[in-house]
>>> print(open('protein-v3.cif').read())   # mmCIF, C-alpha atoms
data_final
#
loop_
_atom_site.label_atom_id
_atom_site.label_comp_id
_atom_site.auth_asym_id
_atom_site.auth_seq_id
_atom_site.Cartn_x
_atom_site.Cartn_y
_atom_site.Cartn_z
CA GLY A 51 67.35 -120.87 -160.52
CA ILE A 52 67.96 -118.61 -157.55
CA ALA A 53 70.16 -119.34 -154.49
CA VAL A 54 70.14 -117.13 -151.38
CA SER A 55 73.89 -117.36 -150.76
CA GLN A 56 77.16 -118.92 -151.93
CA ALA A 57 76.62 -121.71 -149.38
CA ALA A 58 73.11 -122.42 -150.68
CA TYR A 59 74.39 -122.24 -154.26
CA ARG A 60 77.04 -124.88 -153.62
CA TYR A 61 74.57 -127.18 -151.89
CA VAL A 62 71.89 -126.98 -154.59
CA HIS A 63 74.42 -127.01 -157.46
CA ASN A 64 75.87 -130.31 -156.23
CA ALA A 65 72.43 -131.91 -156.28
CA PHE A 66 71.01 -130.11 -159.33
CA PRO A 67 73.77 -128.61 -161.51
CA ALA A 68 72.50 -125.51 -163.32
CA ASN A 69 73.03 -121.77 -163.61
CA TYR A 70 71.92 -120.02 -160.42
CA LYS A 71 71.67 -116.35 -159.64
CA ILE A 72 72.55 -115.43 -156.05
CA ILE A 73 69.85 -113.18 -154.59
CA PRO A 74 69.71 -112.91 -150.78
CA ASN A 75 66.69 -113.38 -148.54
CA GLY A 76 64.80 -110.21 -147.78
CA ILE A 77 63.38 -108.94 -144.48
CA ASP A 78 60.91 -106.32 -143.33
CA VAL A 79 63.54 -103.83 -142.15
CA ASP A 80 60.97 -101.35 -140.81
CA HIS A 81 59.36 -104.00 -138.58
CA PHE A 82 62.35 -103.63 -136.25
CA ALA A 83 61.90 -99.88 -136.08
CA ARG A 84 58.14 -100.16 -135.44
CA HIS A 85 58.60 -102.54 -132.50
CA SER A 86 61.73 -101.01 -131.02
CA THR A 87 60.55 -100.46 -127.44
CA PRO A 88 63.04 -102.29 -125.18
CA TRP A 89 61.71 -104.46 -122.35
CA PRO A 90 61.66 -102.15 -119.30
CA GLN A 91 62.76 -104.90 -116.85
CA TYR A 92 66.14 -105.07 -118.63
CA GLN A 93 66.81 -101.32 -118.67
CA ASP A 94 68.96 -101.48 -115.54
CA GLY A 95 72.38 -100.56 -116.88
CA LYS A 96 73.50 -104.15 -117.51
CA THR A 97 74.93 -105.03 -120.91
CA SER A 98 72.53 -107.50 -122.54
CA ILE A 99 73.85 -110.14 -124.95
CA LEU A 100 71.14 -111.69 -127.14
CA PHE A 101 70.98 -115.16 -128.70
CA VAL A 102 68.12 -115.95 -131.09
CA GLY A 103 67.57 -119.43 -132.51
CA ARG A 104 66.16 -122.88 -132.04
CA LEU A 105 67.89 -124.48 -129.06
CA GLU A 106 69.57 -127.25 -131.01
CA LYS A 107 73.20 -128.33 -130.95
CA ARG A 108 74.30 -126.77 -134.25
CA LYS A 109 73.25 -123.29 -133.09
CA GLY A 110 76.18 -123.45 -130.65
CA LEU A 111 74.49 -122.13 -127.50
CA LYS A 112 76.89 -124.12 -125.29
CA TYR A 113 79.85 -122.09 -126.64
CA LEU A 114 78.09 -118.85 -125.79
CA LEU A 115 77.21 -120.11 -122.29
CA GLU A 116 80.83 -121.10 -121.77
CA ALA A 117 82.08 -117.68 -122.91
CA TYR A 118 79.42 -115.93 -120.81
CA GLY A 119 80.52 -117.94 -117.75
CA ARG A 120 84.11 -116.72 -118.24
CA LEU A 121 83.02 -113.11 -118.78
CA LYS A 122 80.66 -112.99 -115.81
CA TRP A 123 83.57 -113.28 -113.35
CA ASP A 124 85.36 -110.16 -114.60
CA LEU A 125 82.34 -108.27 -115.95
CA PRO A 126 79.47 -109.03 -113.55
CA ASN A 127 77.30 -106.28 -115.06
CA ILE A 128 76.16 -108.42 -118.01
CA ARG A 129 73.19 -110.65 -118.82
CA LEU A 130 72.34 -113.20 -121.47
CA LEU A 131 68.94 -113.28 -123.17
CA VAL A 132 68.16 -116.55 -124.96
CA VAL A 133 65.20 -116.42 -127.35
CA GLY A 134 63.91 -119.39 -129.31
CA PRO A 135 61.99 -122.66 -129.08
CA GLY A 136 63.36 -125.97 -127.79
CA THR A 137 65.27 -127.21 -124.78
CA PRO A 138 68.99 -126.53 -124.15
CA ASP A 139 71.18 -129.56 -124.93
CA ARG A 140 72.88 -131.61 -122.24
CA ASP A 141 76.18 -129.70 -122.51
CA SER A 142 74.36 -126.38 -122.05
CA PHE A 143 72.57 -127.69 -118.96
CA ARG A 144 75.87 -128.93 -117.59
CA ILE A 145 77.55 -125.54 -118.03
CA LEU A 146 74.56 -123.74 -116.49
CA GLY A 147 74.63 -126.06 -113.47
CA ALA A 148 78.39 -126.25 -112.96
CA ARG A 149 78.92 -122.50 -113.21
CA GLY A 150 75.74 -121.51 -111.37
CA LEU A 151 75.34 -118.83 -114.02
CA GLU A 152 73.32 -115.78 -113.03
CA ASP A 153 71.38 -113.38 -115.23
CA VAL A 154 70.65 -115.94 -117.96
CA VAL A 155 67.07 -115.53 -119.20
CA PHE A 156 65.39 -118.21 -121.34
CA ALA A 157 62.47 -116.46 -123.04
CA GLY A 158 61.38 -119.42 -125.20
CA LYS A 159 59.46 -118.89 -128.42
CA VAL A 160 58.19 -115.31 -128.87
CA SER A 161 55.99 -113.41 -131.33
CA ALA A 162 57.49 -111.36 -134.19
CA GLU A 163 56.68 -108.13 -132.31
CA ASP A 164 58.28 -109.38 -129.09
CA LEU A 165 61.34 -110.62 -130.99
CA ALA A 166 61.89 -107.10 -132.34
CA ARG A 167 61.70 -105.82 -128.75
CA TYR A 168 64.40 -108.30 -127.67
CA TYR A 169 66.67 -107.00 -130.43
CA ALA A 170 65.93 -103.45 -129.24
CA THR A 171 66.78 -104.48 -125.66
CA ALA A 172 70.11 -106.07 -126.56
CA ASN A 173 73.44 -104.27 -126.63
CA ILE A 174 75.17 -107.09 -128.54
CA PHE A 175 73.78 -109.85 -130.74
CA CYS A 176 75.62 -113.19 -130.74
CA SER A 177 75.23 -116.22 -133.00
CA PRO A 178 77.79 -118.97 -132.31
CA ALA A 179 76.36 -121.47 -134.86
CA THR A 180 78.75 -124.25 -135.79
CA GLY A 181 77.87 -124.65 -139.48
CA ALA A 182 75.16 -125.62 -141.98
CA GLU A 183 73.71 -122.11 -142.19
CA SER A 184 72.74 -121.22 -145.75
CA PHE A 185 71.78 -117.66 -144.82
CA GLY A 186 72.02 -115.99 -141.43
CA ILE A 187 68.61 -114.31 -141.26
CA VAL A 188 69.13 -113.55 -137.54
CA LEU A 189 72.22 -111.51 -138.43
CA VAL A 190 70.18 -109.43 -140.86
CA GLU A 191 67.46 -108.92 -138.21
CA ALA A 192 70.11 -107.76 -135.72
CA MET A 193 71.48 -105.31 -138.29
CA ALA A 194 67.96 -103.98 -138.93
CA ALA A 195 67.75 -103.28 -135.19
CA GLY A 196 71.15 -101.53 -135.32
CA ARG A 197 72.85 -104.08 -133.09
CA PRO A 198 76.55 -105.03 -133.33
CA ILE A 199 77.12 -108.71 -134.06
CA VAL A 200 79.48 -111.37 -132.75
CA ALA A 201 79.17 -114.46 -134.95
CA SER A 202 81.08 -117.57 -135.88
CA ASP A 203 83.14 -117.30 -139.04
CA ILE A 204 81.14 -119.81 -141.08
CA GLU A 205 79.82 -119.82 -144.62
CA GLY A 206 76.36 -118.28 -144.62
CA TYR A 207 77.49 -115.79 -141.95
CA ASN A 208 80.73 -114.34 -143.33
CA GLY A 209 78.89 -113.42 -146.52
CA ILE A 210 76.66 -111.10 -144.46
CA VAL A 211 78.95 -109.69 -141.75
CA SER A 212 82.37 -108.26 -142.57
CA HIS A 213 84.77 -108.65 -139.66
CA GLY A 214 85.41 -105.28 -138.03
CA GLN A 215 82.52 -103.63 -139.88
CA GLU A 216 79.05 -104.74 -138.69
CA GLY A 217 80.58 -106.88 -136.00
CA LEU A 218 83.24 -109.44 -135.14
CA LEU A 219 83.70 -112.95 -136.53
CA PHE A 220 85.42 -115.64 -134.45
CA PRO A 221 86.55 -119.20 -135.32
CA ARG A 222 83.60 -121.55 -134.78
CA LYS A 223 83.53 -123.76 -131.67
CA ASP A 224 86.18 -121.55 -130.01
CA PRO A 225 84.82 -120.27 -126.67
CA GLU A 226 88.09 -118.44 -125.91
CA ALA A 227 87.93 -116.39 -129.13
CA LEU A 228 84.21 -115.80 -128.53
CA THR A 229 84.97 -114.54 -125.01
CA LYS A 230 87.55 -112.08 -126.38
CA SER A 231 85.17 -110.79 -129.08
CA LEU A 232 82.32 -110.24 -126.63
CA SER A 233 84.65 -108.66 -124.09
CA LEU A 234 85.92 -106.17 -126.71
CA LEU A 235 82.38 -104.95 -127.44
CA ILE A 236 81.25 -104.97 -123.78
CA GLU A 237 84.21 -102.84 -122.76
CA ASN A 238 84.00 -100.54 -125.80
CA PRO A 239 80.36 -99.45 -126.07
CA GLN A 240 81.33 -96.75 -128.57
CA LEU A 241 82.80 -99.36 -130.91
CA ALA A 242 79.68 -101.49 -130.41
CA ARG A 243 77.44 -98.56 -131.35
CA ARG A 244 79.56 -97.79 -134.41
CA MET A 245 79.27 -101.40 -135.63
CA GLY A 246 75.52 -101.33 -134.98
CA ALA A 247 75.20 -98.16 -137.05
CA LYS A 248 77.21 -99.75 -139.87
CA GLY A 249 74.88 -102.77 -139.79
CA ARG A 250 71.91 -100.44 -140.07
CA GLN A 251 73.40 -99.14 -143.36
CA THR A 252 74.33 -102.59 -144.69
CA VAL A 253 70.86 -104.04 -144.02
CA GLU A 254 69.28 -101.77 -146.65
CA LYS A 255 70.33 -104.21 -149.38
CA TYR A 256 68.19 -106.90 -147.70
CA ARG A 257 65.04 -104.74 -147.74
CA TRP A 258 62.21 -106.61 -149.48
CA SER A 259 61.72 -103.89 -152.11
CA VAL A 260 65.42 -104.19 -153.12
CA VAL A 261 65.40 -108.00 -153.14
CA ALA A 262 62.07 -108.20 -154.99
CA SER A 263 63.32 -105.95 -157.78
CA GLN A 264 66.39 -108.21 -158.20
CA VAL A 265 64.08 -111.23 -158.50
CA GLU A 266 61.92 -109.35 -161.01
CA ASP A 267 64.97 -108.40 -163.11
CA TYR A 268 66.13 -112.02 -163.06
CA TYR A 269 62.75 -113.29 -164.28
CA GLU A 270 62.77 -110.71 -167.07
CA ASP A 271 66.27 -111.86 -168.11
CA CYS A 272 65.06 -115.48 -168.17
CA LEU A 273 62.01 -114.57 -170.26
CA ARG A 274 64.22 -112.71 -172.73
#
>>> encode(input="protein-v3.cif", output="structure tokens")
Amino acid sequence: GIAVSQAAYRYVHNAFPANYKIIPNGIDVDHFARHSTPWPQYQDGKTSILFVGRLEKRKGLKYLLEAYGRLKWDLPNIRLLVVGPGTPDRDSFRILGARGLEDVVFAGKVSAEDLARYYATANIFCSPATGAESFGIVLVEAMAAGRPIVASDIEGYNGIVSHGQEGLLFPRKDPEALTKSLSLLIENPQLARRMGAKGRQTVEKYRWSVVASQVEDYYEDCLR
């Protein structure tokens, strides 16, 4: 069998013990280059932080909103773009209301082309998921777009992003650590660009042609 990550391997191996080869998910890397025109309304000099994911509790949006609320006081020249289907959970609504947060844009569900444009618009990509991620496809998409990443240090994520290389990893459910990580990249755009460029190199191993040839080799091994 094939598992897309160590996390997926452990999950499937517990249920169906067998030999599994770990081969990651692939993505259309060039799609993000083809649709890389940023949204003009956000080209105003503000640093845009992007969240992509279904608005459900385990994706950790409330931790990002909390961190954003802290940052907005000291660094008013930032915005948060939230892309994905669903409705924010009660905690997220509470933080939005209590803090009266400005410059938070809920874009909802978007097409694949528009999603690529949101990545192109962003300066920093953030995924504060709290766990149960077998493979962080959004991290790979962000790397394809050359964006630095701030993500929770969870299995399924730390197998894709190396801390200090393509981005920064912070302890999950820790808004204070998340605030510090975001602040570091907001205040050091050169570091952010360097991490984005590193991600653009790393993402090549997730290109479909590379992944497909690994799958092909595995099938040939099995047949032999």
>>> atom_distance(input="protein-v3.cif", atom1="atom CA of Val188 of chain A", atom2="atom CA of Glu152 of chain A")
25.0 Å
>>> closest_residue(input="protein-v3.cif", among="A:Gly103, A:Gly51, A:Gly217, A:Gly119", to="Gly147 of chain A", atoms="all atoms listed in the file")
A:Gly119
>>> atom_distance(input="protein-v3.cif", atom1="atom CA of Ala117 of chain A", atom2="atom CA of Lys248 of chain A")
25.2 Å
>>> resolve_selection(input="protein-v3.cif", expression="the PyMOL selection byres ((chain A and resi 83-99) around 9)", output="number ranges by chain")
A: 79-82, 100-101, 126-132, 163-176, 194-195, 232, 236
>>> closest_residue(input="protein-v3.cif", among="A:Pro178, A:Gly249, A:Gly209, A:Gly150", to="Gly196 of chain A", atoms="all atoms listed in the file")
A:Gly249
>>> residues_around(input="protein-v3.cif", residues="Thr137 of chain A", least_positions_apart="4", cutoff="12 Å", atoms="all atoms listed in the file", output="PDB file with C-alpha atoms, in the frame of the given file")
ATOM      1  CA  GLY A 103      67.570-119.430-132.510  1.00  0.00           C
ATOM      2  CA  ARG A 104      66.160-122.880-132.040  1.00  0.00           C
ATOM      3  CA  LEU A 105      67.890-124.480-129.060  1.00  0.00           C
ATOM      4  CA  GLU A 106      69.570-127.250-131.010  1.00  0.00           C
ATOM      5  CA  LYS A 107      73.200-128.330-130.950  1.00  0.00           C
ATOM      6  CA  LEU A 111      74.490-122.130-127.500  1.00  0.00           C
ATOM      7  CA  VAL A 132      68.160-116.550-124.960  1.00  0.00           C
ATOM      8  CA  VAL A 133      65.200-116.420-127.350  1.00  0.00           C
ATOM      9  CA  ASP A 141      76.180-129.700-122.510  1.00  0.00           C
ATOM     10  CA  SER A 142      74.360-126.380-122.050  1.00  0.00           C
ATOM     11  CA  PHE A 143      72.570-127.690-118.960  1.00  0.00           C
ATOM     12  CA  PHE A 156      65.390-118.210-121.340  1.00  0.00           C
ATOM     13  CA  ALA A 157      62.470-116.460-123.040  1.00  0.00           C
ATOM     14  CA  GLY A 158      61.380-119.420-125.200  1.00  0.00           C
ATOM     15  CA  LYS A 159      59.460-118.890-128.420  1.00  0.00           C
TER      16      LYS A 159
END
>>> resolve_selection(input="protein-v3.cif", expression="the PyMOL selection byres ((chain A and resi 258) around 12)", output="VMD selection string")
chain A and resid 73 to 81 253 to 257 259 to 266
>>> write_last_selection(input="protein-v3.cif", atoms="C-alpha atoms", output="PDB file, keeping the file's coordinate frame")
ATOM      1  CA  ILE A  73      69.850-113.180-154.590  1.00  0.00           C
ATOM      2  CA  PRO A  74      69.710-112.910-150.780  1.00  0.00           C
ATOM      3  CA  ASN A  75      66.690-113.380-148.540  1.00  0.00           C
ATOM      4  CA  GLY A  76      64.800-110.210-147.780  1.00  0.00           C
ATOM      5  CA  ILE A  77      63.380-108.940-144.480  1.00  0.00           C
ATOM      6  CA  ASP A  78      60.910-106.320-143.330  1.00  0.00           C
ATOM      7  CA  VAL A  79      63.540-103.830-142.150  1.00  0.00           C
ATOM      8  CA  ASP A  80      60.970-101.350-140.810  1.00  0.00           C
ATOM      9  CA  HIS A  81      59.360-104.000-138.580  1.00  0.00           C
ATOM     10  CA  VAL A 253      70.860-104.040-144.020  1.00  0.00           C
ATOM     11  CA  GLU A 254      69.280-101.770-146.650  1.00  0.00           C
ATOM     12  CA  LYS A 255      70.330-104.210-149.380  1.00  0.00           C
ATOM     13  CA  TYR A 256      68.190-106.900-147.700  1.00  0.00           C
ATOM     14  CA  ARG A 257      65.040-104.740-147.740  1.00  0.00           C
ATOM     15  CA  SER A 259      61.720-103.890-152.110  1.00  0.00           C
ATOM     16  CA  VAL A 260      65.420-104.190-153.120  1.00  0.00           C
ATOM     17  CA  VAL A 261      65.400-108.000-153.140  1.00  0.00           C
ATOM     18  CA  ALA A 262      62.070-108.200-154.990  1.00  0.00           C
ATOM     19  CA  SER A 263      63.320-105.950-157.780  1.00  0.00           C
ATOM     20  CA  GLN A 264      66.390-108.210-158.200  1.00  0.00           C
ATOM     21  CA  VAL A 265      64.080-111.230-158.500  1.00  0.00           C
ATOM     22  CA  GLU A 266      61.920-109.350-161.010  1.00  0.00           C
TER      23      GLU A 266
END
>>> residues_near_point(input="protein-v3.cif", point="(79.1, -100.3, -136.1)", cutoff="10 Å", atoms="only C-alpha atoms", output="ChimeraX atom specification")
/A:193,196-199,214-217,240-251
